[in-house]
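Coordinates as given in protein-v2.cif (mmCIF, C-alpha atoms (C1' of nucleotides)):
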```
data_model
loop_
_atom_site.label_atom_id
_atom_site.label_comp_id
_atom_site.auth_asym_id
_atom_site.auth_seq_id
_atom_site.Cartn_x
_atom_site.Cartn_y
_atom_site.Cartn_z
CA MET A 255 12.66 144.60 -2.17
CA ALA A 256 16.38 144.65 -2.75
CA VAL A 257 18.27 142.81 -5.49
CA SER A 258 19.60 139.52 -4.16
CA THR A 259 23.14 138.23 -4.34
CA LYS A 260 21.90 135.45 -6.56
CA THR A 261 20.62 137.94 -9.08
CA GLU A 262 23.80 139.97 -8.94
CA TYR A 263 26.01 136.94 -9.50
CA ALA A 264 23.76 135.60 -12.25
CA LEU A 265 23.82 138.93 -14.04
CA ARG A 266 27.55 139.27 -13.80
CA ALA A 267 27.97 135.76 -15.16
CA LEU A 268 25.62 136.47 -18.05
CA LEU A 269 27.42 139.71 -18.81
CA GLU A 270 30.58 137.69 -19.48
CA LEU A 271 28.61 135.62 -21.96
CA THR A 272 27.22 138.70 -23.64
CA GLY A 273 30.38 140.29 -24.96
CA ASP A 274 31.36 140.27 -28.64
CA GLY A 275 30.47 137.13 -30.62
CA GLY A 276 29.16 135.53 -27.42
CA GLY A 277 31.59 132.64 -27.42
CA SER A 278 31.26 129.75 -25.03
CA LEU A 279 32.84 130.25 -21.62
CA SER A 280 33.38 127.75 -18.84
CA ALA A 281 32.13 128.35 -15.32
CA GLN A 282 35.78 128.46 -14.38
CA ALA A 283 36.49 131.28 -16.82
CA ILE A 284 33.36 133.22 -15.92
CA CYS A 285 34.11 133.09 -12.22
CA ALA A 286 37.77 133.93 -12.69
CA ARG A 287 36.91 137.05 -14.69
CA GLN A 288 34.17 138.16 -12.35
CA ASN A 289 35.75 136.99 -9.12
CA LEU A 290 32.80 134.85 -8.16
CA PRO A 291 32.54 131.64 -6.08
CA LYS A 292 32.65 128.90 -8.70
CA LYS A 293 30.69 126.15 -7.02
CA TYR A 294 27.92 128.50 -6.08
CA VAL A 295 27.67 130.10 -9.48
CA GLU A 296 27.52 126.67 -11.10
CA HIS A 297 24.17 126.24 -9.40
CA LEU A 298 22.94 129.52 -10.71
CA LEU A 299 24.11 128.57 -14.19
CA GLY A 300 22.23 125.30 -13.81
CA ALA A 301 19.06 127.13 -12.85
CA MET A 302 19.43 129.48 -15.79
CA LYS A 303 19.93 126.53 -18.07
CA ASN A 304 16.73 124.94 -16.80
CA ALA A 305 14.98 128.24 -17.40
CA GLY A 306 16.19 128.26 -20.98
CA ILE A 307 18.33 131.36 -20.68
CA ILE A 308 21.62 129.65 -21.45
CA GLU A 309 22.83 126.45 -23.06
CA SER A 310 25.74 124.28 -22.11
CA SER A 311 28.13 121.81 -23.63
CA GLN A 312 29.87 119.20 -21.52
CA GLY A 313 33.33 117.76 -21.51
CA SER A 314 36.66 119.41 -21.92
CA LYS A 315 36.26 122.65 -23.88
CA GLY A 316 32.69 122.72 -22.66
CA GLY A 317 30.96 125.81 -21.33
CA TYR A 318 27.92 128.06 -21.49
CA THR A 319 26.34 130.24 -24.15
CA LEU A 320 23.31 132.51 -24.21
CA SER A 321 20.43 130.65 -25.80
CA ARG A 322 19.00 133.82 -27.32
CA PRO A 323 20.29 137.32 -28.05
CA SER A 324 20.92 139.52 -25.03
CA HIS A 325 18.16 141.97 -25.89
CA LYS A 326 15.68 139.12 -25.51
CA ILE A 327 16.76 138.23 -21.99
CA THR A 328 15.24 140.40 -19.28
CA LEU A 329 16.11 141.00 -15.68
CA TYR A 330 12.82 139.33 -14.80
CA ASP A 331 13.87 136.19 -16.66
CA VAL A 332 17.06 136.05 -14.64
CA MET A 333 15.43 136.70 -11.28
CA ARG A 334 12.72 134.18 -11.93
CA ALA A 335 15.31 131.57 -12.87
CA VAL A 336 17.58 132.16 -9.95
CA ASP A 337 15.46 133.32 -7.03
CA ASP A 338 12.87 130.60 -6.79
CA SER A 339 9.81 132.83 -6.26
CA ASN A 340 7.25 130.20 -7.08
CA HIS A 341 5.07 131.51 -4.28
CA GLU A 342 2.46 133.34 -6.27
CA MET A 343 0.76 134.29 -3.01
CA GLU A 344 -2.93 134.04 -3.47
CA CYS A 345 -4.71 135.42 -0.49
CA GLY A 346 -6.50 132.75 1.48
CA LYS A 347 -4.73 129.84 -0.10
CA SER A 348 -1.61 130.22 1.92
CA GLY A 349 -2.64 129.79 5.51
CA PRO A 350 -5.34 129.43 8.11
CA TYR A 351 -5.55 133.10 8.91
CA CYS A 352 -7.59 134.39 6.07
CA ARG A 353 -11.30 134.96 6.16
CA GLY A 354 -11.71 133.63 2.67
CA GLU A 355 -14.36 135.41 0.66
CA SER A 356 -14.23 138.56 2.71
CA CYS A 357 -10.48 138.91 2.26
CA ARG A 358 -10.19 140.96 -0.87
CA LEU A 359 -6.51 141.68 -1.01
CA GLY A 360 -5.66 139.04 -3.58
CA GLY A 361 -6.49 141.25 -6.51
CA LEU A 362 -4.29 144.01 -5.16
CA PHE A 363 -1.35 141.68 -4.72
CA ASP A 364 -1.75 140.31 -8.22
CA GLU A 365 -1.82 143.82 -9.61
CA ILE A 366 1.35 144.75 -7.78
CA ALA A 367 3.10 141.56 -8.89
CA THR A 368 2.15 142.32 -12.47
CA ARG A 369 3.54 145.82 -12.28
CA GLN A 370 6.74 144.61 -10.70
CA ARG A 371 7.11 142.01 -13.40
CA ARG A 372 6.62 144.71 -15.99
CA LEU A 373 9.29 146.85 -14.33
CA LEU A 374 11.76 143.99 -14.21
CA ASN A 375 10.99 143.00 -17.79
CA SER A 376 11.83 146.48 -18.96
CA TYR A 377 15.54 145.86 -18.39
CA THR A 378 17.23 143.62 -20.92
CA LEU A 379 20.65 142.02 -20.62
CA ALA A 380 21.79 144.08 -23.58
CA GLU A 381 20.90 147.33 -21.82
CA ILE A 382 22.38 146.18 -18.56
CA GLY A 383 25.56 145.39 -20.47
CA LYS A 384 25.72 148.93 -21.73
CA ILE A 385 25.28 150.29 -18.23
CA TYR A 386 27.84 147.87 -16.91
CA HIS A 387 30.46 148.69 -19.50
CA GLY A 388 29.81 152.36 -19.13
CA ALA A 389 27.96 153.63 -22.19
CA THR A 390 27.42 157.33 -21.55
CA MET B 76 8.81 139.64 -5.41
CA ALA B 77 5.62 138.47 -3.79
CA VAL B 78 3.82 140.23 -0.96
CA SER B 79 4.77 138.70 2.37
CA THR B 80 2.47 137.39 5.04
CA LYS B 81 3.73 140.14 7.30
CA THR B 82 2.59 142.77 4.86
CA GLU B 83 -0.77 141.08 4.41
CA TYR B 84 -1.39 140.86 8.15
CA ALA B 85 -0.19 144.40 8.73
CA LEU B 86 -2.48 145.74 6.04
CA ARG B 87 -5.47 143.84 7.32
CA ALA B 88 -4.77 145.16 10.82
CA LEU B 89 -4.48 148.72 9.55
CA LEU B 90 -7.69 148.37 7.57
CA GLU B 91 -9.53 147.75 10.82
CA LEU B 92 -8.10 150.98 12.15
CA THR B 93 -9.10 152.87 9.03
CA GLY B 94 -12.86 152.56 9.15
CA ASP B 95 -15.17 155.42 10.15
CA GLY B 96 -13.91 157.75 12.84
CA GLY B 97 -10.82 155.60 13.20
CA GLY B 98 -11.40 154.80 16.83
CA SER B 99 -8.84 153.03 18.96
CA LEU B 100 -8.88 149.25 18.73
CA SER B 101 -6.99 146.71 20.83
CA ALA B 102 -4.80 144.04 19.27
CA GLN B 103 -7.33 141.62 20.61
CA ALA B 104 -10.19 143.27 18.76
CA ILE B 105 -8.22 143.68 15.54
CA CYS B 106 -7.20 140.05 15.46
CA ALA B 107 -10.65 138.80 16.38
CA ARG B 108 -12.19 140.76 13.52
CA GLN B 109 -9.58 139.73 11.00
CA ASN B 110 -8.93 136.24 12.29
CA LEU B 111 -5.23 136.85 12.77
CA PRO B 112 -2.73 135.35 15.25
CA LYS B 113 -2.68 137.86 18.07
CA LYS B 114 0.80 137.42 19.45
CA TYR B 115 2.31 137.61 16.01
CA VAL B 116 0.36 140.67 14.95
CA GLU B 117 1.32 142.43 18.15
CA HIS B 118 4.90 142.41 16.86
CA LEU B 119 3.83 143.88 13.58
CA LEU B 120 1.87 146.55 15.43
CA GLY B 121 4.99 147.28 17.47
CA ALA B 122 7.05 147.66 14.32
CA MET B 123 4.48 149.95 12.80
CA LYS B 124 4.43 151.97 15.96
CA ASN B 125 8.21 152.37 15.80
CA ALA B 126 7.84 153.43 12.20
CA GLY B 127 5.36 156.12 13.19
CA ILE B 128 2.42 154.68 11.30
CA ILE B 129 0.27 154.04 14.36
CA GLU B 130 0.10 155.21 17.94
CA SER B 131 -0.79 153.24 21.01
CA SER B 132 -2.18 153.75 24.46
CA GLN B 133 -1.45 151.32 27.23
CA GLY B 134 -3.48 149.90 30.02
CA SER B 135 -7.02 148.68 30.13
CA LYS B 136 -9.03 150.27 27.31
CA GLY B 137 -5.76 150.80 25.51
CA GLY B 138 -5.24 150.14 21.82
CA TYR B 139 -3.97 151.44 18.53
CA THR B 140 -4.83 154.34 16.25
CA LEU B 141 -3.51 155.55 12.93
CA SER B 142 -1.08 158.38 13.54
CA ARG B 143 -2.02 160.14 10.30
CA PRO B 144 -4.92 159.95 7.84
CA SER B 145 -5.11 156.79 5.76
CA HIS B 146 -4.42 158.59 2.49
CA LYS B 147 -1.03 159.55 3.90
CA ILE B 148 0.02 156.00 4.68
CA THR B 149 1.37 154.06 1.73
CA LEU B 150 1.97 150.41 1.08
CA TYR B 151 5.66 151.19 1.02
CA ASP B 152 5.45 152.65 4.53
CA VAL B 153 3.85 149.46 5.76
CA MET B 154 6.29 147.13 4.03
CA ARG B 155 9.25 149.09 5.19
CA ALA B 156 7.99 149.00 8.76
CA VAL B 157 7.18 145.34 8.84
CA ASP B 158 9.57 143.56 6.50
CA ASP B 159 12.93 144.69 7.76
CA SER B 160 14.53 145.43 4.41
CA ASN B 161 17.36 147.51 5.77
CA HIS B 162 19.71 145.89 3.32
CA GLU B 163 20.10 148.69 0.83
CA MET B 164 22.41 146.44 -1.19
CA GLU B 165 25.19 148.54 -2.51
CA CYS B 166 27.25 146.54 -4.89
CA GLY B 167 30.68 145.76 -3.54
CA LYS B 168 29.92 146.69 0.03
CA SER B 169 28.17 143.47 0.80
CA GLY B 170 30.73 140.75 0.23
CA PRO B 171 34.13 139.63 -0.96
CA TYR B 172 32.99 138.72 -4.43
CA CYS B 173 32.82 142.09 -6.08
CA ARG B 174 35.53 143.58 -8.20
CA GLY B 175 34.97 146.96 -6.67
CA GLU B 176 35.41 149.84 -9.04
CA SER B 177 34.81 147.75 -12.12
CA CYS B 178 31.52 146.42 -10.83
CA ARG B 179 29.00 148.92 -12.12
CA LEU B 180 25.74 147.32 -11.20
CA GLY B 181 25.15 149.43 -8.14
CA GLY B 182 23.55 152.24 -10.09
CA LEU B 183 21.18 149.85 -11.80
CA PHE B 184 20.09 148.32 -8.50
CA ASP B 185 19.51 151.74 -7.00
CA GLU B 186 17.41 152.74 -9.96
CA ILE B 187 15.28 149.61 -9.68
CA ALA B 188 14.86 150.08 -5.95
CA THR B 189 13.74 153.63 -6.54
CA ARG B 190 11.16 152.58 -9.09
CA GLN B 191 9.88 149.83 -6.86
CA ARG B 192 9.57 152.28 -4.01
CA ARG B 193 7.63 154.59 -6.27
CA LEU B 194 5.29 151.76 -7.27
CA LEU B 195 4.69 150.78 -3.66
CA ASN B 196 4.20 154.39 -2.63
CA SER B 197 1.47 154.80 -5.21
CA TYR B 198 -0.91 152.71 -3.13
CA THR B 199 -2.32 154.41 -0.05
CA LEU B 200 -4.16 152.76 2.80
CA ALA B 201 -7.23 154.76 1.87
CA GLU B 202 -7.24 153.33 -1.63
CA ILE B 203 -6.51 149.84 -0.42
CA GLY B 204 -9.46 150.21 1.93
CA LYS B 205 -11.72 150.99 -1.00
CA ILE B 206 -10.50 147.96 -2.88
CA TYR B 207 -10.86 145.82 0.20
CA HIS B 208 -14.38 146.94 0.95
CA GLY B 209 -15.34 146.64 -2.64
CA ALA B 210 -15.80 150.08 -4.12
CA THR B 211 -16.74 149.49 -7.73
"C1'" DA C 152 44.10 107.14 -20.63
"C1'" DA C 153 44.06 111.66 -18.75
"C1'" DA C 154 42.65 116.22 -18.24
"C1'" DT C 155 38.87 119.30 -18.33
"C1'" DA C 156 34.58 120.37 -18.16
"C1'" DG C 157 29.32 120.05 -16.62
"C1'" DC C 158 26.00 118.11 -13.31
"C1'" DA C 159 23.76 116.04 -9.27
"C1'" DT C 160 23.38 115.55 -4.44
"C1'" DA C 161 23.99 116.86 -0.11
"C1'" DG C 162 25.95 119.21 3.78
"C1'" DT C 163 26.39 123.56 6.67
"C1'" DA C 164 26.32 127.89 9.31
"C1'" DA C 165 23.82 131.94 9.63
"C1'" DG C 166 19.68 134.30 8.96
"C1'" DT C 167 14.52 134.79 8.10
"C1'" DT C 168 9.63 133.55 8.71
"C1'" DA C 169 5.70 132.64 11.15
"C1'" DC C 170 4.67 131.75 14.83
"C1'" DT C 171 4.11 130.82 20.62
"C1'" DA C 172 5.38 131.62 25.66
"C1'" DT C 173 6.44 134.16 29.58
"C1'" DA C 174 6.95 137.98 32.20
"C1'" DT C 175 6.48 142.82 33.13
"C1'" DA C 176 4.56 147.48 32.91
"C1'" DT C 177 0.60 150.52 32.46
"C1'" DT C 178 -4.04 152.08 32.94
"C1'" DA C 179 -9.32 151.93 33.82
"C1'" DC C 180 -12.57 151.00 36.81
"C1'" DA C 181 -14.99 149.04 40.81
"C1'" DT D 150 -6.49 149.24 46.77
"C1'" DG D 151 -7.14 145.56 43.68
"C1'" DT D 152 -7.78 143.38 39.57
"C1'" DA D 153 -8.74 142.84 34.94
"C1'" DA D 154 -7.36 144.27 30.56
"C1'" DT D 155 -4.22 146.03 27.88
"C1'" DA D 156 0.63 147.08 25.71
"C1'" DT D 157 5.53 145.72 25.58
"C1'" DA D 158 9.90 143.25 25.92
"C1'" DT D 159 12.46 139.10 25.46
"C1'" DA D 160 13.17 134.83 23.95
"C1'" DG D 161 12.21 130.34 22.13
"C1'" DT D 162 11.10 127.22 18.02
"C1'" DA D 163 10.42 124.54 13.77
"C1'" DA D 164 10.67 125.05 9.01
"C1'" DC D 165 12.72 127.35 5.38
"C1'" DT D 166 16.08 130.33 2.75
"C1'" DT D 167 20.72 132.05 1.69
"C1'" DA D 168 25.30 131.70 0.49
"C1'" DC D 169 28.13 129.02 0.32
"C1'" DT D 170 31.53 124.16 0.13
"C1'" DA D 171 32.44 119.00 -0.73
"C1'" DT D 172 32.17 114.84 -3.07
"C1'" DG D 173 31.54 112.19 -6.79
"C1'" DC D 174 29.97 111.07 -11.34
"C1'" DT D 175 29.43 111.73 -16.32
"C1'" DA D 176 30.60 113.63 -20.76
"C1'" DT D 177 34.01 115.32 -24.13
"C1'" DT D 178 38.41 116.65 -26.03
"C1'" DT D 179 43.33 115.59 -26.81
#
```

In C-alpha cells, how does this file's structure come out?
Amino acid sequence: MAVSTKTEYALRALLELTGDGGGSLSAQAICARQNLPKKYVEHLLGAMKNAGIIESSQGSKGGYTLSRPSHKITLYDVMRAVDDSNHEMECGKSGPYCRGESCRLGGLFDEIATRQRRLLNSYTLAEIGKIYHGAT
Amino acid sequence: MAVSTKTEYALRALLELTGDGGGSLSAQAICARQNLPKKYVEHLLGAMKNAGIIESSQGSKGGYTLSRPSHKITLYDVMRAVDDSNHEMECGKSGPYCRGESCRLGGLFDEIATRQRRLLNSYTLAEIGKIYHGAT
DNA sequence: AAATAGCATAGTAAGTTACTATATATTACA
DNA sequence: TGTAATATATAGTAACTTACTATGCTATTT
C-alpha cells in the first residue's frame, strides 16, 4: 500500500543517473550524492540491471547508466525490479483454504492488479525527475 | 502490490455476512462455509470489529454482523482494517538516509497513495458480492 | 602492480505472515 | 445453577521479508 524503502532508494539512485547527458556514475558517487547506504543500494542497482533498466561497466572508472531514456522508464518498472512481487496471487493456487471453483475472487484481484499496474506505469522517471527537482 | 491472504480471507468472511437479511453468523459458521482457518480468521474479524466494519455479540448464539450496509463498505476499508498499513511513509521521517529538505519525493508518494486509496475505495462489498456470486 | 570499481554470496536483527494454542469472559438455554 | 457455545486476549511459532553489513572475488583503468 505504501511505497517501500527499496523503491525510494532505487528512484533516488536513478534520479542521479537521469540528469543532463546521463553520464556514468559509480555506486559510490550515487550514494554519496543521495546519502544512501552503499552496500544496500548496490543490490538494488543489481536488480535494476537484471531488469534491464540500467547498464553497468566494471573496473576502475566503471559505473551505471540508464539503458533507455528516462521517459521510457516507469515507476512500475522500478518497483517490479526492486520489490520482488512475483506472487501474482491467483485465488486457489496459493493455499489449502480455497474452495476452488466456487471461489470467484481471482478475477477481481487480477483486475485490481491491472489497474494498479496502470497507475504505476503512468509515472515515468522523467516526470518524477521534474517533480524532484521542483518544476512548478 | 498483490492482494494479501488476509484481505482474501477477510473478504470471503464478509461475503458470508452479506447475503440476504445479513443475519448474525459465528466465526465457526463463517469458516465452515468458506473453508477458512478459524483461529486465524477470528483475528481478522477482531480487527474488522475494531475498524467498525462489523459488530459482534458474545456468548452462546453470538456472532458477527455487518455494522453498515454492504454498499458502504469498501475494499479499502477491509484492507486497512486487516493489513496493518499504518506506515504512511513520509519521506525523511522514516530513516537516516534522507537528505531532508532536498528530498522531494514525499509529495509523489502521497499522490500515489491517494490514487491507490481511491482505486480501492471504488470497490464496495456489495459489488464484490455480485462478482463473487456470478452476476453476469 | 595497484587502485577502483562491479558482483556474488551470505550473514543478521527486527519485523511480518499465516498460522496454532491456551485461557478467560460472556451469554443462551436446559 | 450448570454447561455448552461463543467471543476475546495473549502469546507462541516457523517461514519469509526488510534493511541492512561483511567478505571476497573479478574486471578495468592507470

Can you list what the PyMOL selection byres ((chain C) within 12 of (chain A)) grabs from this structure, as an mmCIF file with C-alpha atoms (C1' of nucleotides), keeping the file's coordinate frame?
```cif
data_model
loop_
_atom_site.group_PDB
_atom_site.id
_atom_site.type_symbol
_atom_site.label_atom_id
_atom_site.label_comp_id
_atom_site.auth_asym_id
_atom_site.auth_seq_id
_atom_site.Cartn_x
_atom_site.Cartn_y
_atom_site.Cartn_z
ATOM 1 C "C1'" DA C 153 44.060 111.660 -18.750
ATOM 2 C "C1'" DA C 154 42.650 116.220 -18.240
ATOM 3 C "C1'" DT C 155 38.870 119.300 -18.330
ATOM 4 C "C1'" DA C 156 34.580 120.370 -18.160
ATOM 5 C "C1'" DG C 157 29.320 120.050 -16.620
ATOM 6 C "C1'" DC C 158 26.000 118.110 -13.310
ATOM 7 C "C1'" DA C 159 23.760 116.040 -9.270
ATOM 8 C "C1'" DT C 160 23.380 115.550 -4.440
ATOM 9 C "C1'" DA C 169 5.700 132.640 11.150
ATOM 10 C "C1'" DC C 170 4.670 131.750 14.830
#
```

Next on the checklist: With 8 Å as the limit and counting only C-alpha atoms (C1' of nucleotides), what residues in chain D lie close to chain B? Please list them as a ChimeraX atom specification.
Outcome noted: /D:153-156

Next on the checklist: What does the structure give for the distance between CA of Leu268 (chain A) and CA of Leu379 (chain A), in Å to one decimal?
Outcome noted: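 The value is 7.9 Å.
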
Onto chain B, please fit chain A by least squares using all C-alpha atoms in order, then return the transformed chain as an mmCIF file with C-alpha atoms, in the frame of the given file.
```cif
data_model
loop_
_atom_site.group_PDB
_atom_site.id
_atom_site.type_symbol
_atom_site.label_atom_id
_atom_site.label_comp_id
_atom_site.auth_asym_id
_atom_site.auth_seq_id
_atom_site.Cartn_x
_atom_site.Cartn_y
_atom_site.Cartn_z
ATOM 1 C CA MET A 255 8.866 139.624 -5.418
ATOM 2 C CA ALA A 256 5.670 138.496 -3.779
ATOM 3 C CA VAL A 257 3.832 140.253 -0.951
ATOM 4 C CA SER A 258 4.820 138.733 2.377
ATOM 5 C CA THR A 259 2.534 137.431 5.080
ATOM 6 C CA LYS A 260 3.798 140.180 7.325
ATOM 7 C CA THR A 261 2.618 142.803 4.893
ATOM 8 C CA GLU A 262 -0.728 141.115 4.436
ATOM 9 C CA TYR A 263 -1.355 140.876 8.168
ATOM 10 C CA ALA A 264 -0.164 144.432 8.765
ATOM 11 C CA LEU A 265 -2.461 145.746 6.064
ATOM 12 C CA ARG A 266 -5.443 143.857 7.338
ATOM 13 C CA ALA A 267 -4.791 145.161 10.833
ATOM 14 C CA LEU A 268 -4.495 148.726 9.578
ATOM 15 C CA LEU A 269 -7.679 148.358 7.568
ATOM 16 C CA GLU A 270 -9.551 147.718 10.824
ATOM 17 C CA LEU A 271 -8.140 150.967 12.156
ATOM 18 C CA THR A 272 -9.137 152.842 9.037
ATOM 19 C CA GLY A 273 -12.896 152.502 9.162
ATOM 20 C CA ASP A 274 -15.231 155.360 10.101
ATOM 21 C CA GLY A 275 -13.978 157.767 12.786
ATOM 22 C CA GLY A 276 -10.867 155.611 13.214
ATOM 23 C CA GLY A 277 -11.490 154.762 16.840
ATOM 24 C CA SER A 278 -8.921 152.997 18.951
ATOM 25 C CA LEU A 279 -8.929 149.213 18.725
ATOM 26 C CA SER A 280 -7.051 146.684 20.811
ATOM 27 C CA ALA A 281 -4.830 144.044 19.259
ATOM 28 C CA GLN A 282 -7.348 141.583 20.609
ATOM 29 C CA ALA A 283 -10.206 143.230 18.731
ATOM 30 C CA ILE A 284 -8.224 143.657 15.528
ATOM 31 C CA CYS A 285 -7.174 140.029 15.466
ATOM 32 C CA ALA A 286 -10.628 138.767 16.360
ATOM 33 C CA ARG A 287 -12.197 140.691 13.478
ATOM 34 C CA GLN A 288 -9.536 139.724 10.988
ATOM 35 C CA ASN A 289 -8.876 136.230 12.276
ATOM 36 C CA LEU A 290 -5.192 136.842 12.781
ATOM 37 C CA PRO A 291 -2.667 135.348 15.250
ATOM 38 C CA LYS A 292 -2.653 137.855 18.096
ATOM 39 C CA LYS A 293 0.832 137.433 19.475
ATOM 40 C CA TYR A 294 2.365 137.633 16.056
ATOM 41 C CA VAL A 295 0.395 140.658 14.982
ATOM 42 C CA GLU A 296 1.349 142.439 18.196
ATOM 43 C CA HIS A 297 4.902 142.433 16.903
ATOM 44 C CA LEU A 298 3.848 143.892 13.625
ATOM 45 C CA LEU A 299 1.863 146.559 15.449
ATOM 46 C CA GLY A 300 4.961 147.305 17.502
ATOM 47 C CA ALA A 301 7.050 147.705 14.372
ATOM 48 C CA MET A 302 4.455 149.986 12.834
ATOM 49 C CA LYS A 303 4.401 152.032 15.990
ATOM 50 C CA ASN A 304 8.169 152.435 15.855
ATOM 51 C CA ALA A 305 7.819 153.487 12.238
ATOM 52 C CA GLY A 306 5.327 156.150 13.227
ATOM 53 C CA ILE A 307 2.391 154.695 11.345
ATOM 54 C CA ILE A 308 0.236 154.064 14.395
ATOM 55 C CA GLU A 309 0.022 155.218 17.989
ATOM 56 C CA SER A 310 -0.894 153.252 21.051
ATOM 57 C CA SER A 311 -2.323 153.748 24.492
ATOM 58 C CA GLN A 312 -1.626 151.297 27.284
ATOM 59 C CA GLY A 313 -3.702 149.872 30.060
ATOM 60 C CA SER A 314 -7.232 148.638 30.082
ATOM 61 C CA LYS A 315 -9.199 150.314 27.285
ATOM 62 C CA GLY A 316 -5.900 150.795 25.516
ATOM 63 C CA GLY A 317 -5.348 150.130 21.834
ATOM 64 C CA TYR A 318 -4.028 151.441 18.537
ATOM 65 C CA THR A 319 -4.894 154.346 16.271
ATOM 66 C CA LEU A 320 -3.548 155.561 12.947
ATOM 67 C CA SER A 321 -1.133 158.399 13.579
ATOM 68 C CA ARG A 322 -2.071 160.142 10.340
ATOM 69 C CA PRO A 323 -4.957 159.952 7.875
ATOM 70 C CA SER A 324 -5.142 156.803 5.775
ATOM 71 C CA HIS A 325 -4.430 158.600 2.515
ATOM 72 C CA LYS A 326 -1.047 159.578 3.935
ATOM 73 C CA ILE A 327 0.005 156.024 4.718
ATOM 74 C CA THR A 328 1.392 154.104 1.760
ATOM 75 C CA LEU A 329 1.980 150.456 1.112
ATOM 76 C CA TYR A 330 5.688 151.253 1.063
ATOM 77 C CA ASP A 331 5.466 152.696 4.568
ATOM 78 C CA VAL A 332 3.883 149.493 5.796
ATOM 79 C CA MET A 333 6.312 147.159 4.058
ATOM 80 C CA ARG A 334 9.289 149.133 5.224
ATOM 81 C CA ALA A 335 8.012 149.033 8.796
ATOM 82 C CA VAL A 336 7.213 145.374 8.854
ATOM 83 C CA ASP A 337 9.612 143.611 6.509
ATOM 84 C CA ASP A 338 12.963 144.752 7.785
ATOM 85 C CA SER A 339 14.603 145.456 4.403
ATOM 86 C CA ASN A 340 17.438 147.525 5.755
ATOM 87 C CA HIS A 341 19.766 145.883 3.267
ATOM 88 C CA GLU A 342 20.153 148.672 0.778
ATOM 89 C CA MET A 343 22.460 146.435 -1.245
ATOM 90 C CA GLU A 344 25.278 148.496 -2.552
ATOM 91 C CA CYS A 345 27.337 146.511 -4.955
ATOM 92 C CA GLY A 346 30.777 145.749 -3.613
ATOM 93 C CA LYS A 347 30.006 146.606 -0.040
ATOM 94 C CA SER A 348 28.246 143.393 0.694
ATOM 95 C CA GLY A 349 30.783 140.673 0.147
ATOM 96 C CA PRO A 350 34.179 139.570 -1.050
ATOM 97 C CA TYR A 351 33.051 138.662 -4.522
ATOM 98 C CA CYS A 352 32.866 142.001 -6.168
ATOM 99 C CA ARG A 353 35.569 143.514 -8.290
ATOM 100 C CA GLY A 354 34.991 146.918 -6.808
ATOM 101 C CA GLU A 355 35.423 149.747 -9.266
ATOM 102 C CA SER A 356 34.794 147.612 -12.297
ATOM 103 C CA CYS A 357 31.496 146.330 -10.930
ATOM 104 C CA ARG A 358 29.016 148.840 -12.209
ATOM 105 C CA LEU A 359 25.741 147.283 -11.244
ATOM 106 C CA GLY A 360 25.150 149.410 -8.175
ATOM 107 C CA GLY A 361 23.565 152.223 -10.107
ATOM 108 C CA LEU A 362 21.182 149.830 -11.802
ATOM 109 C CA PHE A 363 20.096 148.320 -8.514
ATOM 110 C CA ASP A 364 19.525 151.731 -6.991
ATOM 111 C CA GLU A 365 17.421 152.731 -9.963
ATOM 112 C CA ILE A 366 15.296 149.623 -9.673
ATOM 113 C CA ALA A 367 14.866 150.090 -5.922
ATOM 114 C CA THR A 368 13.744 153.650 -6.525
ATOM 115 C CA ARG A 369 11.173 152.594 -9.072
ATOM 116 C CA GLN A 370 9.871 149.862 -6.826
ATOM 117 C CA ARG A 371 9.584 152.315 -3.982
ATOM 118 C CA ARG A 372 7.658 154.636 -6.250
ATOM 119 C CA LEU A 373 5.315 151.806 -7.231
ATOM 120 C CA LEU A 374 4.698 150.830 -3.631
ATOM 121 C CA ASN A 375 4.214 154.447 -2.595
ATOM 122 C CA SER A 376 1.502 154.851 -5.178
ATOM 123 C CA TYR A 377 -0.896 152.751 -3.101
ATOM 124 C CA THR A 378 -2.309 154.440 -0.031
ATOM 125 C CA LEU A 379 -4.158 152.786 2.831
ATOM 126 C CA ALA A 380 -7.238 154.767 1.887
ATOM 127 C CA GLU A 381 -7.233 153.334 -1.634
ATOM 128 C CA ILE A 382 -6.491 149.857 -0.411
ATOM 129 C CA GLY A 383 -9.457 150.221 1.925
ATOM 130 C CA LYS A 384 -11.699 151.000 -0.993
ATOM 131 C CA ILE A 385 -10.462 147.960 -2.870
ATOM 132 C CA TYR A 386 -10.833 145.838 0.214
ATOM 133 C CA HIS A 387 -14.367 146.932 0.965
ATOM 134 C CA GLY A 388 -15.332 146.602 -2.639
ATOM 135 C CA ALA A 389 -15.752 150.055 -4.155
ATOM 136 C CA THR A 390 -16.702 149.433 -7.775
#
```

Checklist entry - Which residues fall under the PyMOL selection byres ((chain A) within 6 of (chain B)) in this file, as a list in words? => result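 Going through the file, the PyMOL selection byres ((chain A) within 6 of (chain B)) ends up selecting Asn289, Leu290, Tyr351, Arg358 and Tyr386 of chain A.
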
Checklist entry - Between CA of Thr93 (chain B) and C1' of DT177 (chain C), what is the spacing in Å? => result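 Taking C1' of DT177 (chain C) as the start and CA of Thr93 (chain B) as the end point, the length is 25.5 Å.
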
Next on the checklist: Just want the 10 Å neighbourhood of DA174 (chain C), counted on only C-alpha atoms (C1' of nucleotides), with same-chain residues fewer than 2 positions away dropped. Output as a PyMOL selection string.
Outcome noted: (chain C and resi 172+176) or (chain D and resi 158-159)

Item to check | Selection dump of the PyMOL selection byres ((chain B and resi 126) around 9), as a list in words | outcome: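 So the PyMOL selection byres ((chain B and resi 126) around 9) ends up selecting Gly121, Ala122, Met123, Lys124, Asn125, Gly127, Ile128, Ile129, Asp152, Val153, Arg155, Ala156 and Val157 of chain B.
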
Next on the checklist: Taking (-8.7, 156.0, 18.7) in the coordinates of the supplied file, I want to know which residues reach to within 8 Å of it, counting only C-alpha atoms (C1' of nucleotides); could you give the answer as a ChimeraX atom specification?
Outcome noted: /B:97-100,138-141

Next on the checklist: Report, in Å with one decimal, the straight-line distance from CA of Ile327 (chain A) to CA of Thr378 (chain A).
Outcome noted: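 Going from CA of Ile327 (chain A) over to CA of Thr378 (chain A), I get 5.5 Å.
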
Next on the checklist: Neighbouring residues of DA164 (chain C) were defined as those with any atom within 12 Å, considering all atoms listed in the file; residues of the same chain fewer than 4 positions away were excluded. Please report them as a PyMOL selection string.
Outcome noted: chain D and resi 167-170

Next on the checklist: If we count all atoms listed in the file and set the cut-off at 12 Å, which residues sit around DT152 (chain D), ignoring sequence neighbours fewer than 5 positions away in its own chain? Please answer as a PyMOL selection string.
Outcome noted: (chain B and resi 135) or (chain C and resi 178-181)
